[in-house]
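Participant: mmCIF, C-alpha atoms, saved as structure.cif, coming up:
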data_upload
#
loop_
_atom_site.label_atom_id
_atom_site.label_comp_id
_atom_site.auth_asym_id
_atom_site.auth_seq_id
_atom_site.Cartn_x
_atom_site.Cartn_y
_atom_site.Cartn_z
CA MET A 1 -15.38 10.34 -6.62
CA THR A 2 -12.77 9.14 -9.08
CA GLU A 3 -13.40 6.68 -11.87
CA PRO A 4 -13.21 3.07 -10.61
CA VAL A 5 -10.64 0.57 -11.79
CA TRP A 6 -11.76 -3.01 -12.46
CA LEU A 7 -9.25 -5.77 -11.74
CA SER A 8 -11.01 -8.29 -13.91
CA GLY A 9 -10.93 -11.98 -14.60
CA GLY A 10 -8.84 -13.07 -11.62
CA HIS A 11 -9.11 -15.49 -8.72
CA VAL A 12 -9.31 -13.76 -5.31
CA VAL A 13 -7.32 -15.39 -2.51
CA ASP A 14 -9.34 -15.21 0.71
CA VAL A 15 -6.62 -15.35 3.38
CA ARG A 16 -9.24 -15.22 6.12
CA SER A 17 -10.90 -18.53 5.19
CA GLY A 18 -8.11 -20.08 3.16
CA SER A 19 -10.27 -20.37 0.05
CA ILE A 20 -10.31 -19.04 -3.53
CA ARG A 21 -13.07 -16.98 -5.15
CA ARG A 22 -12.67 -17.88 -8.80
CA ASP A 23 -13.40 -15.75 -11.86
CA THR A 24 -14.07 -12.65 -9.81
CA ASN A 25 -13.72 -8.92 -10.47
CA VAL A 26 -12.49 -6.44 -7.86
CA VAL A 27 -13.58 -2.83 -8.22
CA VAL A 28 -11.21 -0.23 -6.75
CA ARG A 29 -12.16 3.39 -6.17
CA ASP A 30 -10.53 6.15 -4.12
CA GLY A 31 -7.89 3.84 -2.72
CA ARG A 32 -10.27 1.18 -1.43
CA ILE A 33 -11.97 -1.98 -2.57
CA GLU A 34 -15.45 -0.82 -3.46
CA ARG A 35 -16.92 -4.08 -4.68
CA ILE A 36 -16.08 -7.73 -5.33
CA THR A 37 -18.38 -9.13 -7.96
CA THR A 38 -18.86 -11.57 -10.81
CA ASP A 39 -20.65 -8.87 -12.81
CA ALA A 40 -18.89 -7.85 -16.03
CA PRO A 41 -17.25 -4.41 -16.15
CA PRO A 42 -19.47 -1.85 -17.89
CA ALA A 43 -18.59 -0.66 -21.39
CA GLY A 44 -15.64 1.74 -21.34
CA ALA A 45 -14.59 0.90 -17.77
CA ARG A 46 -10.94 1.20 -16.81
CA THR A 47 -9.79 -2.39 -16.50
CA VAL A 48 -6.70 -4.36 -15.55
CA PRO A 49 -7.25 -7.82 -17.09
CA LEU A 50 -5.77 -10.48 -14.80
CA GLY A 51 -6.23 -13.42 -17.15
CA GLY A 52 -6.93 -16.03 -14.48
CA ARG A 53 -4.12 -14.97 -12.17
CA TYR A 54 -4.41 -14.79 -8.39
CA LEU A 55 -5.18 -11.58 -6.50
CA LEU A 56 -4.26 -11.32 -2.83
CA PRO A 57 -3.48 -8.66 -0.23
CA GLY A 58 -0.13 -6.87 -0.29
CA LEU A 59 2.48 -8.40 2.00
CA ILE A 60 3.21 -7.02 5.47
CA SER A 61 6.66 -7.43 7.04
CA VAL A 62 6.68 -6.78 10.79
CA HIS A 63 10.39 -6.84 11.64
CA THR A 64 12.11 -4.28 9.45
CA HIS A 65 15.26 -2.16 9.74
CA LEU A 66 15.48 0.31 6.87
CA SER A 67 18.52 2.24 8.08
CA VAL A 68 20.78 -0.68 9.01
CA VAL A 69 24.41 -0.58 7.83
CA TYR A 70 26.45 -3.62 6.81
CA PRO A 71 28.85 -4.48 8.29
CA PHE A 72 27.42 -3.36 11.62
CA SER A 73 30.82 -2.02 12.66
CA ASP A 74 30.55 0.69 9.99
CA ASN A 75 27.58 2.31 11.70
CA ASP A 76 28.10 5.93 12.73
CA GLU A 77 25.85 7.04 15.58
CA SER A 78 26.55 10.68 14.73
CA GLU A 79 25.44 10.28 11.10
CA ASN A 80 23.49 13.16 9.56
CA PRO A 81 19.77 12.26 9.84
CA GLY A 82 19.28 13.23 6.19
CA ILE A 83 21.70 10.52 5.06
CA THR A 84 20.02 7.99 7.35
CA ALA A 85 16.60 8.87 5.95
CA LEU A 86 17.77 8.58 2.34
CA ARG A 87 19.23 5.12 2.96
CA ALA A 88 16.00 4.10 4.68
CA LEU A 89 13.93 5.46 1.80
CA SER A 90 15.88 3.39 -0.72
CA ARG A 91 15.13 0.21 1.24
CA ALA A 92 11.49 1.20 1.72
CA ARG A 93 10.93 1.77 -1.99
CA GLU A 94 12.62 -1.54 -2.80
CA ALA A 95 10.21 -3.31 -0.44
CA LEU A 96 7.17 -1.62 -1.96
CA TYR A 97 8.12 -2.65 -5.49
CA ALA A 98 8.62 -6.22 -4.24
CA GLY A 99 4.99 -6.33 -3.06
CA VAL A 100 5.46 -5.39 0.62
CA THR A 101 2.84 -2.68 0.97
CA THR A 102 3.11 -2.27 4.76
CA ILE A 103 6.07 -2.60 7.12
CA ARG A 104 6.53 -2.43 10.86
CA THR A 105 9.93 -0.97 11.72
CA VAL A 106 11.48 -2.01 15.02
CA HIS A 107 14.41 0.39 15.31
CA GLU A 108 15.77 3.03 13.00
CA GLN A 109 18.69 5.30 13.70
CA ASN A 110 17.64 8.97 13.83
CA ARG A 111 14.01 7.76 13.70
CA ALA A 112 14.43 7.44 9.94
CA ASP A 113 11.21 5.41 9.71
CA LEU A 114 9.18 8.30 11.08
CA LEU A 115 10.88 10.70 8.65
CA VAL A 116 10.11 8.48 5.65
CA ARG A 117 6.56 7.98 6.92
CA THR A 118 6.05 11.75 7.01
CA ALA A 119 7.49 12.22 3.52
CA ALA A 120 5.29 9.45 2.10
CA GLY A 121 2.25 10.89 3.84
CA GLN A 122 2.92 14.21 2.10
CA GLY A 123 3.13 12.43 -1.25
CA TRP A 124 6.80 13.35 -1.75
CA VAL A 125 8.14 9.77 -1.93
CA GLU A 126 7.02 6.21 -2.56
CA ALA A 127 7.14 3.89 0.44
CA PRO A 128 5.16 1.13 2.11
CA ARG A 129 2.72 2.12 4.81
CA ILE A 130 4.94 2.40 7.90
CA VAL A 131 4.06 1.41 11.45
CA GLY A 132 7.16 2.63 13.21
CA ALA A 133 8.92 2.19 16.55
CA GLY A 134 11.36 5.06 16.05
CA ARG A 135 14.45 4.23 18.10
CA ALA A 136 14.57 1.01 20.08
CA ILE A 137 15.56 1.26 23.75
CA SER A 138 18.64 -0.56 25.03
CA THR A 139 20.50 -0.73 28.28
CA THR A 140 23.90 0.91 28.43
CA GLY A 141 26.28 -1.54 26.78
CA GLY A 142 23.38 -3.77 25.77
CA HIS A 143 22.59 -5.43 22.46
CA GLY A 144 21.59 -2.16 20.80
CA GLN A 145 24.81 -0.35 21.70
CA GLY A 146 26.38 1.37 18.71
CA SER A 147 23.28 1.35 16.49
CA GLY A 148 21.79 4.69 17.45
CA CYS A 149 19.29 3.43 20.01
CA ALA A 150 17.93 5.29 22.99
CA TYR A 151 19.89 4.15 26.08
CA ALA A 152 18.54 3.87 29.60
CA ASP A 153 19.10 2.18 32.95
CA GLY A 154 16.56 1.87 35.73
CA TYR A 155 12.78 2.25 35.91
CA ASP A 156 12.58 6.03 35.63
CA ALA A 157 15.05 6.26 32.76
CA PHE A 158 13.25 3.56 30.75
CA LEU A 159 9.89 5.20 31.40
CA ARG A 160 11.27 8.54 30.20
CA ALA A 161 12.93 6.99 27.12
CA ALA A 162 9.74 5.18 26.09
CA ARG A 163 7.62 8.29 26.56
CA THR A 164 10.13 10.25 24.46
CA GLU A 165 9.82 7.84 21.52
CA LEU A 166 6.04 7.84 21.73
CA ALA A 167 5.97 11.64 21.87
CA ALA A 168 8.12 11.69 18.73
CA GLY A 169 5.47 9.67 16.90
CA ALA A 170 6.38 6.04 17.48
CA ASP A 171 3.49 3.58 17.10
CA LEU A 172 5.01 0.98 19.44
CA ILE A 173 8.10 0.48 21.58
CA LYS A 174 10.93 -1.99 20.89
CA ILE A 175 13.31 -3.12 23.65
CA PHE A 176 16.29 -5.48 23.85
CA ILE A 177 15.80 -7.88 26.75
CA THR A 178 18.70 -10.20 25.81
CA GLY A 179 21.81 -10.21 23.70
CA GLY A 180 21.86 -11.69 20.23
CA ILE A 181 24.07 -13.36 17.66
CA ALA A 182 25.60 -10.38 15.86
CA HIS A 183 28.37 -9.40 18.27
CA GLN A 184 31.18 -11.40 19.81
CA GLY A 185 31.09 -11.73 23.55
CA GLU A 186 27.31 -11.52 23.97
CA SER A 187 24.79 -14.25 24.67
CA PHE A 188 21.07 -14.53 24.12
CA ASN A 189 20.71 -16.37 27.43
CA GLY A 190 19.88 -14.30 30.49
CA ALA A 191 18.18 -10.92 30.65
CA GLN A 192 19.80 -7.55 29.93
CA MET A 193 16.84 -5.69 31.46
CA THR A 194 15.24 -6.01 34.85
CA VAL A 195 11.55 -6.78 35.20
CA ASP A 196 11.03 -3.28 36.63
CA GLU A 197 12.64 -1.73 33.54
CA MET A 198 10.37 -3.82 31.32
CA ARG A 199 7.34 -2.74 33.34
CA ALA A 200 8.30 0.91 32.92
CA VAL A 201 8.21 0.57 29.14
CA VAL A 202 4.92 -1.34 29.25
CA ARG A 203 3.47 1.42 31.42
CA ALA A 204 4.45 4.08 28.87
CA ALA A 205 2.98 2.01 26.05
CA ASP A 206 -0.26 1.48 27.99
CA GLU A 207 -0.53 5.24 28.46
CA HIS A 208 -0.61 5.58 24.66
CA GLY A 209 -2.83 2.58 23.94
CA THR A 210 -0.06 0.59 22.32
CA TYR A 211 2.30 -2.28 23.13
CA VAL A 212 5.92 -3.35 23.58
CA THR A 213 7.84 -5.86 21.49
CA ALA A 214 11.13 -7.36 22.62
CA HIS A 215 14.27 -8.64 20.95
CA ALA A 216 14.38 -11.91 22.88
CA GLY A 217 16.77 -14.82 22.63
CA ALA A 218 15.93 -17.44 25.21
CA GLY A 219 13.19 -18.60 27.55
CA SER A 220 14.31 -17.23 30.92
CA ALA A 221 14.16 -13.58 29.82
CA ILE A 222 10.94 -14.17 27.90
CA ARG A 223 9.27 -15.54 31.04
CA GLU A 224 10.23 -12.36 32.90
CA ALA A 225 8.91 -10.21 30.06
CA LEU A 226 5.63 -12.12 30.06
CA THR A 227 5.11 -11.20 33.70
CA ALA A 228 5.85 -7.55 32.83
CA GLY A 229 3.18 -7.47 30.11
CA VAL A 230 5.35 -7.50 26.97
CA ARG A 231 3.11 -8.64 24.09
CA GLY A 232 5.51 -9.17 21.18
CA TYR A 233 8.69 -11.23 20.83
CA GLU A 234 11.33 -11.21 18.10
CA HIS A 235 13.65 -14.12 17.17
CA ALA A 236 13.20 -16.66 20.04
CA TYR A 237 16.42 -18.53 19.27
CA ASP A 238 16.07 -20.97 22.16
CA LEU A 239 12.59 -21.72 23.51
CA ASP A 240 11.79 -24.50 25.95
CA GLU A 241 8.37 -26.16 25.99
CA ALA A 242 7.25 -24.56 29.26
CA THR A 243 7.99 -21.04 28.02
CA ALA A 244 6.28 -21.74 24.70
CA ARG A 245 3.16 -22.95 26.53
CA GLN A 246 3.16 -19.80 28.66
CA MET A 247 3.45 -17.67 25.52
CA ALA A 248 0.51 -19.55 24.00
CA ALA A 249 -1.54 -19.11 27.18
CA GLN A 250 -0.99 -15.34 27.00
CA ARG A 251 -1.66 -15.31 23.23
CA VAL A 252 1.43 -13.30 22.38
CA TYR A 253 2.85 -12.39 18.97
CA LEU A 254 6.07 -14.06 17.81
CA THR A 255 8.19 -12.98 14.85
CA PRO A 256 10.81 -15.73 14.36
CA THR A 257 13.01 -14.01 11.71
CA LEU A 258 14.27 -17.43 10.64
CA CYS A 259 16.20 -15.93 7.74
CA VAL A 260 18.85 -14.52 10.10
CA THR A 261 20.14 -18.02 10.86
CA ARG A 262 19.58 -19.64 7.46
CA CYS A 263 21.05 -17.38 4.74
CA PRO A 264 24.86 -17.56 4.75
CA ASP A 265 25.26 -16.58 1.09
CA TRP A 266 23.17 -13.43 1.59
CA MET A 267 25.18 -12.57 4.69
CA ALA A 268 28.47 -13.00 2.83
CA GLU A 269 27.24 -10.77 0.00
CA HIS A 270 26.38 -8.05 2.53
CA ALA A 271 29.72 -7.85 4.34
CA PHE A 272 28.87 -9.90 7.42
CA THR A 273 32.05 -11.13 9.06
CA PRO A 274 33.06 -14.81 8.85
CA TRP A 275 32.45 -15.07 12.60
CA GLN A 276 28.89 -13.71 12.27
CA ILE A 277 28.08 -16.16 9.48
CA GLU A 278 29.54 -19.06 11.44
CA ARG A 279 27.61 -18.02 14.54
CA ALA A 280 24.33 -17.74 12.60
CA LEU A 281 24.73 -21.22 11.16
CA GLU A 282 25.68 -22.59 14.57
CA VAL A 283 22.47 -21.19 16.07
CA GLY A 284 20.34 -22.17 13.05
CA PRO A 285 19.32 -25.75 13.96
CA GLY A 286 18.35 -24.75 17.50
CA HIS A 287 16.47 -21.69 16.21
CA LEU A 288 14.40 -23.85 13.86
CA ALA A 289 13.74 -26.37 16.64
CA SER A 290 12.70 -23.52 18.92
CA ILE A 291 10.10 -22.25 16.45
CA ARG A 292 8.82 -25.79 15.96
CA THR A 293 8.43 -26.00 19.74
CA ALA A 294 6.45 -22.76 19.67
CA ILE A 295 4.20 -24.03 16.87
CA ALA A 296 3.60 -27.25 18.81
CA ALA A 297 2.46 -25.15 21.78
CA GLY A 298 -0.41 -23.87 19.63
CA VAL A 299 -1.07 -21.52 16.75
CA ALA A 300 -3.59 -18.79 17.59
CA ASP A 301 -7.02 -19.16 16.03
CA PRO A 302 -8.34 -15.66 15.24
CA THR A 303 -11.91 -16.98 15.27
CA ASP A 304 -11.55 -18.21 18.86
CA PRO A 305 -10.00 -15.51 21.09
CA GLU A 306 -10.27 -17.75 24.17
CA LYS A 307 -8.20 -20.59 22.75
CA PRO A 308 -4.49 -20.52 23.72
CA GLY A 309 -2.09 -20.00 20.87
CA ILE A 310 0.79 -17.92 19.53
CA THR A 311 0.31 -15.64 16.54
CA PHE A 312 3.25 -16.19 14.19
CA LEU A 313 4.29 -13.30 12.01
CA ALA A 314 6.52 -12.78 8.99
CA GLY A 315 9.36 -10.38 9.67
CA THR A 316 12.76 -10.39 8.09
CA ASP A 317 15.30 -8.36 10.12
CA TYR A 318 17.08 -7.96 6.76
CA PRO A 319 15.53 -5.40 4.37
CA PRO A 320 12.33 -7.17 3.18
CA GLY A 321 12.63 -6.22 -0.49
CA ALA A 322 16.25 -7.30 -0.84
CA PRO A 323 16.87 -10.00 -3.47
CA ILE A 324 17.67 -13.49 -2.21
CA GLU A 325 17.63 -16.90 -3.89
CA ASP A 326 15.52 -15.84 -6.90
CA THR A 327 12.99 -14.07 -4.69
CA VAL A 328 13.03 -11.38 -1.97
CA VAL A 329 13.70 -11.71 1.73
CA ALA A 330 10.04 -11.14 2.74
CA VAL A 331 8.89 -14.13 0.66
CA ARG A 332 11.80 -16.32 1.76
CA GLU A 333 10.90 -15.73 5.40
CA MET A 334 7.34 -16.93 4.79
CA GLU A 335 8.73 -20.05 3.12
CA PHE A 336 10.93 -20.65 6.16
CA LEU A 337 7.87 -20.39 8.43
CA ALA A 338 6.18 -23.08 6.35
CA GLU A 339 9.30 -25.23 6.62
CA ALA A 340 9.14 -24.77 10.40
CA GLY A 341 5.64 -26.25 10.51
CA LEU A 342 3.01 -23.63 9.71
CA ASP A 343 0.62 -24.84 7.04
CA THR A 344 0.47 -22.84 3.84
CA HIS A 345 -2.63 -20.91 4.91
CA GLN A 346 -1.06 -20.01 8.28
CA ALA A 347 2.20 -18.96 6.62
CA LEU A 348 0.30 -16.75 4.17
CA ARG A 349 -1.65 -15.18 7.04
CA SER A 350 1.62 -14.47 8.88
CA GLY A 351 2.49 -11.90 6.23
CA THR A 352 -1.02 -10.57 5.60
CA LEU A 353 -4.05 -10.86 7.90
CA ASP A 354 -2.28 -11.72 11.16
CA ALA A 355 0.33 -9.04 10.53
CA ALA A 356 -2.45 -6.53 9.97
CA ARG A 357 -3.86 -7.37 13.41
CA LEU A 358 -0.52 -6.73 15.09
CA THR A 359 0.06 -3.46 13.26
CA GLY A 360 -3.37 -2.07 14.15
CA LEU A 361 -4.62 -2.36 10.58
CA GLU A 362 -7.24 -5.04 11.07
CA GLY A 363 -10.30 -3.93 9.12
CA GLN A 364 -8.07 -1.80 6.89
CA ALA A 365 -5.48 -4.13 5.32
CA GLY A 366 -4.36 -7.74 5.16
CA VAL A 367 -7.34 -9.15 3.22
CA VAL A 368 -9.12 -8.63 -0.09
CA GLU A 369 -12.51 -7.50 1.19
CA GLU A 370 -14.91 -4.69 0.42
CA GLY A 371 -14.13 -1.47 2.26
CA HIS A 372 -10.48 -2.37 2.82
CA LEU A 373 -7.50 -0.52 1.43
CA ALA A 374 -6.65 -1.59 -2.10
CA ASP A 375 -3.22 -2.95 -1.17
CA LEU A 376 -3.04 -5.79 -3.67
CA ILE A 377 -0.58 -8.08 -5.43
CA VAL A 378 -0.98 -10.60 -8.23
CA THR A 379 0.71 -13.99 -8.62
CA GLU A 380 0.78 -16.42 -11.53
CA ARG A 381 -0.17 -19.42 -9.38
CA ASP A 382 -2.27 -20.16 -6.29
CA PRO A 383 -0.20 -19.32 -3.17
CA LEU A 384 -2.55 -21.33 -0.94
CA SER A 385 -1.54 -24.46 -2.84
CA ASP A 386 2.14 -23.54 -3.11
CA LEU A 387 3.66 -20.65 -1.19
CA SER A 388 6.46 -20.39 -3.75
CA ALA A 389 3.87 -18.75 -6.02
CA LEU A 390 4.86 -15.55 -4.17
CA ARG A 391 8.22 -15.71 -5.94
CA ARG A 392 6.48 -14.46 -9.09
CA ILE A 393 4.60 -11.27 -8.19
CA THR A 394 3.62 -9.49 -11.39
CA PHE A 395 1.49 -6.59 -10.12
CA VAL A 396 1.56 -4.34 -7.06
CA MET A 397 -1.10 -1.83 -6.02
CA GLN A 398 -0.99 0.30 -2.88
CA ALA A 399 -4.08 2.22 -1.77
CA GLY A 400 -5.46 2.00 -5.30
CA ARG A 401 -2.31 3.29 -7.01
CA VAL A 402 -0.53 0.95 -9.39
CA VAL A 403 3.05 0.70 -8.16
CA ARG A 404 4.24 -1.95 -10.58
CA ASP A 405 2.59 -3.71 -13.53
CA ASP A 406 4.54 -6.56 -15.10
CA LEU A 407 1.42 -8.42 -16.19
CA PRO A 408 1.74 -10.04 -19.60
CA ALA A 409 -0.71 -8.63 -22.12
CA VAL A 410 -4.10 -10.26 -21.62
CA PRO A 411 -7.07 -9.76 -23.96
CA ASP A 412 -9.76 -7.87 -22.06
CA HIS A 413 -12.79 -9.82 -23.22
CA HIS A 414 -15.21 -7.76 -21.14
CA ALA A 415 -14.01 -4.50 -22.69
CA THR A 416 -14.17 -6.06 -26.15
CA GLU A 417 -17.70 -7.29 -25.58
CA GLY A 418 -18.77 -3.89 -24.29
CA ALA A 419 -17.42 -2.15 -27.40
CA GLN A 420 -19.35 -4.35 -29.82
#
Would you write the structure of this file as structure tokens?
Facilitator:
Amino acid sequence: MTEPVWLSGGHVVDVRSGSIRRDTNVVVRDGRIERITTDAPPAGARTVPLGGRYLLPGLISVHTHLSVVYPFSDNDESENPGITALRALSRAREALYAGVTTIRTVHEQNRADLLVRTAAGQGWVEAPRIVGAGRAISTTGGHGQGSGCAYADGYDAFLRAARTELAAGADLIKIFITGGIAHQGESFNGAQMTVDEMRAVVRAADEHGTYVTAHAGAGSAIREALTAGVRGYEHAYDLDEATARQMAAQRVYLTPTLCVTRCPDWMAEHAFTPWQIERALEVGPGHLASIRTAIAAGVADPTDPEKPGITFLAGTDYPPGAPIEDTVVAVREMEFLAEAGLDTHQALRSGTLDAARLTGLEGQAGVVEEGHLADLIVTERDPLSDLSALRRITFVMQAGRVVRDDLPAVPDHHATEGAQ
């Protein structure tokens, strides 16, 4: 066993209960949290003095595209996979340094997420923990056309395409059941897939013990997907109350990606066309109202699995570590969720504990608890009192390895006492 590291003199944010454990030390060994204690570090222990700052789990972003190209029209579906992987790696490393220690990718050209995941697993590169979908599956001419998706039409073709992604190492399957707001001439109303095609993908996912998530614009297609067994939904630009109640009854996962309709300056800086920016702002008020409708239908209570409710998750669509408005996109999305109506505790869970449940990491990540992975970040202020505390992350640890340490020098009183 390696020598433990003591993160000492901090306040531990318990995202499970929404409480703070004050003046607490966290002992990390071999990549995991070995102990949480008020005992003083022993003489000579390796310590990271926190000086009364707040320690919480690393962030998890569940709607990530690492290989995306801006403007979208510049994408080359025949691009060398090595180039795609290098671009994806740059975005992944940026996210990790921003405090996003785990990401769920929901479409990468050339399965770049799976390539980066392999390289990180071999210790060759730095990257967040990746739960990857490989290539998303689109209908011919559908919303994913031109972005290097897998393309299929009909039950058998969708079943084969989903099985192919899973055989390549995908952890889940992403499909496009409606259009979106990025391309002229498409609408997010009406379905681009048949219910049988959706069922084919769900069947393949069931065979591998996983699930399907869907790019989904409006209620009519979502209702069809609910009958097909689709468990996750991305965006939900236009939800009616009846559909939201049905989603709550089936306890699905919803990733609103509110930032895609609320960040015109970021879009302009990243070569989005004037039409795309105008369209995003046009959809924005309805998108926010839609998510408020979903919240009103019920927020899932993880302590009561029988109670209807939707699990809301933080996912960005834009690269999560990208700078925006004096913070990064992953944090701004969580702030938008709070503005939509989640309380601060729920918004914090959306990018930690609840995201860990969706990504299959419950019991491994998403909380600061003994036995869990030491994926940890430090803030100057209490994020349960003010979510904007996440704008000032001064320390990032992933699996016990210090990724970034911008902590101001703090006298380590315990070490001083032990040396006397």
Participant: Name the residues, using the chain letters and numbers of the file, that sit within 12 Å of (-11.8, 0.7, -4.4) when counting all atoms listed in the file, and give them as a ChimeraX atom specification.
Facilitator: /A:1-7,25-36,368-376,397-401
Participant: Show me the residues close to (3.3, -4.7, 35.0) - anything with an atom within 6 Å, counting only C-alpha atoms - and format the list as a list in words.
Facilitator: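 The answer, in the requested form, is Arg199, Ala228 and Gly229 of chain A.
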Participant: Just how far from CA of Arg104 in chain A is CA of Gly121 in chain A, in Å to one decimal?
Facilitator: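 Going from CA of Gly121 in chain A over to CA of Arg104 in chain A covers 15.7 Å.
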Participant: Might you pull out every residue within 6 Å of range 340-347 of chain A, with only C-alpha atoms counted and same-chain residues fewer than 5 positions away left off, and present them as a list in words?
Facilitator: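 Counting only C-alpha atoms, the residues come to Gly18, Arg292, Met334 and Leu384 of chain A.
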Participant: Nearest to Ala88 in chain A among A:Thr293, A:Thr394, A:Asn75, A:Gln109, with distances taken over all atoms listed in the file: which residue is it?
Facilitator: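 Smallest separation from Ala88 in chain A among the options: A:Gln109.
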